[in-house]
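Written below as structure tokens is the structure these notes are about.
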Amino acid sequence: MWTTTTTRHAGATRLARVGTASRRTCASVGGRYGGRLVVEARSTRPGMRPGRGPPGKKNLHLINRDIRAPEVRLQGENKEVLGIMDVEEALERAQDAGLDLVCIQEKADPPVCRLLDYKKFLYDEEKKKKEAKKKSAAGRVEVKELKLRPNTDVHDYQVRLRSAQKFLSKGDKVKINIQFRGREMEFKNLGQEICEKFVADLGESAVVEGKIRMEGRNMLMFLAPNKT
């Protein structure tokens, strides 16, 4: 049970909230001295803080004194099961081990908590996310588009051919887009010939996906790496 007492000292009012349980946090709020409000806070359990996450950031989990459940299902640092116990006993075990009590399943009944070094835990989680993101990016196939014209000269054709070879070697797909303008639409056979030459020059490094098709004034051909 909590009680409120009021004392006067040197013209200032001091309020103190005192709990009957010795392990609970006590807080005192000072009066105004020189126009400034002084606030003090301390815990009856030295070394046990509400949170140990990065400064200025809200913790992603409930830890230590932020855990309000009366009982928790406790796991050790290596996920070994330590059983259901009073939250105060779990806090004592965390403090004795120099670790934090971290709630990892808040909605469970009772909540599941683990003994952890919370800063190290956050670092490891962030590292795992970066590695997973890196693997996802490495496994993602991109489609690189190369644009040509029916009258593309030899030099520009060779530049695009080398680009296609580079993209295919990295595992990406290539979209060949031959663009027709005006009366060039009458010479679609030139676009067909460019596509066929492109495939022949790439040799066994590429396979054609689907059929060569027209979309408006564009002739499209899709190439994929030959993995055989």
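The way I read the labels, and the way they are meant: chains A, B, ... in the order of the structure tokens, residue 1 as the first residue of every chain, and ligand 1 as the first ligand shown, with later ones counted on from there.
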Residues near A:Val102, anyone? I mean within 6 Å using only C-alpha atoms, not counting same-chain ones fewer than 5 positions away, as a ChimeraX atom specification.
/A:63,113-114
Output N, CA, C and O atoms of each residue in that selection to a file, as a tab-separated table (two decimals), in the first residue's frame.
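The resulting selection29.tsv:
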chain	number	residue	atom	x	y	z
A	63	ILE	N	11.59	-4.74	-20.17
A	63	ILE	CA	12.73	-5.31	-19.47
A	63	ILE	C	12.77	-4.82	-18.03
A	63	ILE	O	12.31	-3.73	-17.71
A	113	CYS	N	9.85	-14.71	-20.11
A	113	CYS	CA	10.99	-13.80	-19.96
A	113	CYS	C	12.29	-14.60	-20.05
A	113	CYS	O	12.32	-15.79	-19.78
A	114	ARG	N	13.35	-13.89	-20.43
A	114	ARG	CA	14.65	-14.55	-20.59
A	114	ARG	C	15.73	-13.68	-19.95
A	114	ARG	O	15.64	-12.46	-19.95
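Backbone DSSP assigns strand (DSSP E or B) in stretch 75-116 of chain A to Gln75, Val81, Leu82, Gly83, Ile84, Met85, Asp86, Asp100, Leu101, Val102, Cys103, Ile104, Gln105, Val112, Cys113, Arg114, Leu115 and Leu116 of chain A.
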Env of A:Glu89: 12 Å cut, atoms = only C-alpha atoms, seq-sep filter 2 positions within chain, self excluded. Answer as a PyMOL selection string.
chain A and resi 23+64+70-74+82-87+91-96+101
6 Å contact set for A:Asn226, only C-alpha atoms, chain neighbours under 4 positions out, as a ChimeraX atom specification
/A:205-207
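Taking only C-alpha atoms into account, A:Glu80 lies nearest to A:Leu115 out of the set A:Thr152, A:Glu184, A:Leu60, A:Leu115.
The coordinates place atom CA of A:Tyr157 at 15.9 Å from atom CA of A:Leu220.
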Which of these residues is nearest to A:Ala108, using only C-alpha atoms: A:Ala69, A:Lys134, A:Val174, A:Lys129?
A:Ala69
What separation in Å, quoted to one decimal, exists between atom CA of A:Glu126 and atom CA of A:Asn78?
18.8 Å
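For the choices A:Leu116, A:Leu62, A:Leu168, A:Ile104, the atom-to-atom distance to A:Val141 is smallest for A:Leu168 when using only C-alpha atoms.
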A:Asn218 surroundings by only C-alpha atoms, 9 Å radius, close-in-sequence under 3 positions cut, as a PyMOL selection string:
chain A and resi 177-180+213-215
Quick one: write out the picked residues with N, CA and C atoms as a PDB file, in the first residue's frame?
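Saved as again06.pdb:
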ATOM      1  N   ASN A 177      14.775  -4.269 -75.957  1.00  0.00           N
ATOM      2  CA  ASN A 177      13.671  -3.424 -76.409  1.00  0.00           C
ATOM      3  C   ASN A 177      14.107  -2.699 -77.683  1.00  0.00           C
ATOM      4  N   ILE A 178      13.549  -3.135 -78.805  1.00  0.00           N
ATOM      5  CA  ILE A 178      13.852  -2.484 -80.078  1.00  0.00           C
ATOM      6  C   ILE A 178      12.720  -1.507 -80.378  1.00  0.00           C
ATOM      7  N   GLN A 179      13.048  -0.231 -80.438  1.00  0.00           N
ATOM      8  CA  GLN A 179      12.049   0.823 -80.563  1.00  0.00           C
ATOM      9  C   GLN A 179      11.931   1.281 -82.021  1.00  0.00           C
ATOM     10  N   PHE A 180      10.697   1.320 -82.511  1.00  0.00           N
ATOM     11  CA  PHE A 180      10.411   1.755 -83.888  1.00  0.00           C
ATOM     12  C   PHE A 180       9.752   3.128 -83.855  1.00  0.00           C
ATOM     13  N   ARG A 213       7.903 -10.500 -79.092  1.00  0.00           N
ATOM     14  CA  ARG A 213       6.562  -9.952 -79.308  1.00  0.00           C
ATOM     15  C   ARG A 213       6.609  -8.436 -79.469  1.00  0.00           C
ATOM     16  N   MET A 214       5.537  -7.932 -80.061  1.00  0.00           N
ATOM     17  CA  MET A 214       5.380  -6.489 -80.238  1.00  0.00           C
ATOM     18  C   MET A 214       4.443  -5.935 -79.168  1.00  0.00           C
ATOM     19  N   GLU A 215       4.821  -4.812 -78.612  1.00  0.00           N
ATOM     20  CA  GLU A 215       3.954  -4.055 -77.703  1.00  0.00           C
ATOM     21  C   GLU A 215       3.964  -2.615 -78.184  1.00  0.00           C
TER      22      GLU A 215
END
Which distance in Å separates atom CA of A:Leu161 and atom CA of A:Ala224, to one decimal?
13.9 Å
Kindly indicate which residue among A:Lys197, A:Lys188, A:Lys133, A:Lys120 lies nearest to A:Gln158, using only C-alpha atoms for the distances.
A:Lys197
Just want the 12 Å neighbourhood of A:Arg160, counted on only C-alpha atoms, with same-chain residues fewer than 2 positions away dropped. Output as a PyMOL selection string.
chain A and resi 144-149+152-158+162-167+174-178+194+198+201-202
